[in-house]
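Heads up, the thing below is written out as structure tokens.
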Amino acid sequence: MFVYMMMIDSPEDQSKFEKVYLQYKGLMYYVAYDILGNEQDAEDAVHNAFVKIAENIQKIYEPMCPKTKNFVVTIVEHKAIDLYRANQKRKTVEYLDEVGGISVDAQDLHGLAYCMAKLPPRYRQIILLKYHHGFTCREIAKQLDMTEANAIKLDQRAKNKLLKICEEEGVL
Amino acid sequence: MITDEMISQAAGELAYAMNKSLPEPGECNHQFSAGFERKIKRLMRRADYPGMYRVFRAVASIILVISIGFASLLAISPEARAAVFGWVRRQYESFYEFYFEGEPEVSGEVRYCPQWIPEGYELESAQEIVGGERYIYSNKNGQSILFSYMSASESSKLYAEGAGCTQFDVEINGNHGEVFTSDNPEESNLIVWTDSETGILLYLNAILDKDSLVTFAENVMRKPNIPLYSPGWMPDGYELIDQIEIENGEVYIYFKGEEAVAQFSYSTAPSGAAVYFEGVDYEYHEITVNGLPGEVYLSPSNEESNVIEWWDESGNTMFMFSARVSEEDLIRFAENIQVKK
């Protein structure tokens with residue numbers, strides 16, 4: 001028996017979710033398909049992403065804004081990479097550097113932001129979710145289906161990796 | 001040195017560049033499969049079952065007619081009111097909807113916590129939701145138990161889907177409940193019951209047999225209103241990284257640099273709290289913290305944390321703080337713990 005929990009609790013949130021869905025479902029599919037290369041898998045990743053978006057709908061203030069666009073593509077990128085990993089049955093740490101995510105055009109970026117664009121997708125995702133979108137490690141852990149302790153570790157590793165890239169690039 | 005402020009600013013620039021690297025949403029068209037659309041509609045609480053809405057509308061009409069017919073009776077009969085107002089289950093084929101009918105009841109700050117879980121399961125997460133909480137337990141086989149509850153309100157609804165389910169009426173600590181078991185042993189079963197004193201709906205979804213579901217439900221107890229604590233003083237250099245809610249308590253995690261970790265935790269349990277840590281050759285002696293009994297464990301190595309634990313027997317609360325600091329700092333930390341609420 002499958003239970004649908006009440007994730008969207010008000011008509012306003014439901015309306016907001018519908019707007020987010022209609023606005024970004026195509027783009028999210030584009031991102032997921034680019035990573036997975038398979039229609040069915042891409043749809044599954046998009047669905048998994050929308051489950052997480054529904055759980056966080058109260059944190060989305062304006063459906064049609066760059067921040068929301070970035071949030072939804074970050075979540076679907078993560079879900080697509082997770083699915084890719086599951087399909088490949090590779091569950092080692094090395095996947096961080098192996099799986100390609102969204103290809104970020106960094107030509108207009110400088111300094112720290114330029115180094116950030118070079119982070120592996122999962123590190124980039126937690127940096128964006130925590131420092132741009134303002135989620136706590138506990139919230140990110142639920143969004144990315146990991147334990148809170150792992151989210152804390154991932155945040156630390158992402159910052160360590162960022163520091164290393166900065167040193168290599170002579171940014172700091 | 002990269003500060004969080006620097007990261008936040010750069011993350012904003014990265015997000016902008018990332019958005020620019022992607023096409024505009026309007027340029028991306030994909031004809032999603034019917035299965036996908038159906039799942040999304042369920043997510044939006046509008047399960048796309050052809051005909052279901054017609055039946056729901058018909059049922060709603062019947063309820064309206066019955067309500068009108070009962071109107072005069074309800075004005076004079078509390079028993080009849082209780083019989084109609086409350087949690088209602090509606091069913092269409094294999095789809096179930098539980099919702100509250102009538103004036104929502106004020107349940108106050110009532111919280112629940114399972115006092116028994118099946119062997120092999122551990123708490124994975126405990127999360128507050130609107131009007132209640134959601135607990136998820138899992139075992140090594142990847143099986144999960146979902147326990148949740150919700151207060152009576154217009155927005156509180158529970159949906160369940162299960163083809164070929166068998167329904168049983170059960171009694172949970174004097175309250176009515178229903179068990180729905182699946183014919184497929186690989187599918188989860190559901191138990192739903194209400195606390196008649198608070199008007200709260202509780203449910204449990206898991207791959208457990210009927211007896212285990214009932215045992216679990218019978219051992220769900222109202223939580224005592226426990227106080228929350230927070231540190232009032234911290235040794236120099238430690239930065240709060242996270243604060244985690246656990247059953248009947250909290251854990252505070254601090255980092256000093258990249259390696260040194262300090263942890264403060266406390267737990268309140270009516271049956272007695274316990275704190276565990278592992279250490280070899282620690283020197284141990286008794287101390288008091290603001291008159292409360294406690295113990296200090298000092299590591300033989302500077303590379304390991306020292307530990308202080310103390311307990312408030314009147315409140316059944318146990319506290320622990322571990323860090324690479326002196327005994328004096330451990331005690332100072334303990335003496336400055338404050339009640340949050």
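Residue numbers start at 1 in each chain; chains themselves are named A, B, ... in the order of the structure tokens; ligands are numbered from 1 in the order shown.
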
Hey, what does DSSP flag as strand (DSSP E) within range 69-305 of chain B? Can you give it to me as a PyMOL selection string?
chain B and resi 86-92+95-101+112-114+122-129+132-138+144-150+157-161+166-172+175-181+189-195+200-206+220-222+229-231+239-246+249-256+260-268+283-289+292-298

Contact residues around Thr147 in chain A with only C-alpha atoms at 12 Å, ignoring same-chain residues under 2 positions, as a ChimeraX atom specification:
/A:137-145,149-154 /B:123-126,244

How many Å lie between CA of Glu169 in chain A and CA of Ala15 in chain B, rounded to one decimal?
20.4 Å

Contacts of Gly134 in chain A at 12 Å or less, counting only C-alpha atoms, minus same-chain residues fewer than 3 places along, as a ChimeraX atom specification?
/A:59-60,67,71,126-131,137-140 /B:4-5,7-9,11-12

Name all residues at most 9 Å from Glu13 in chain B (count only C-alpha atoms; drop same-chain ones fewer than 5 positions away) and give them as a VMD selection string.
(chain A and resid 109 113 to 114) or (chain B and resid 8 18)

Counting only C-alpha atoms, the option among B:Pro118, B:Pro231, B:Gly257, B:Gly162 closest to chain A
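Closest to chain A of all the choices is B:Gly162.
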
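Across B:Lys223, B:Arg134, B:Arg324, B:Lys157, the tightest approach to chain A is made by B:Lys157 when counting only C-alpha atoms.
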
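From CA of Pro224 in chain B back to CA of Asn248 in chain B, the distance works out to 8.9 Å.
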
To one decimal in Å, tell me the separation between CA of Glu101 in chain B and CA of Ile191 in chain B.
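Calculated distance between CA of Glu101 in chain B and CA of Ile191 in chain B is 19.8 Å.
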
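Using only C-alpha atoms, the shortest contact distance between chain A and any of B:Cys113, B:Ile172, B:Ile207, B:Val220 is found at B:Ile207.
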
Per DSSP on the backbone, what are the helix (DSSP H, G or I) residues of range 26-141 of chain A, as number ranges by chain?
A: 26-36, 39-55, 57-59, 66-88, 95-98, 111-117, 121-132, 137-141
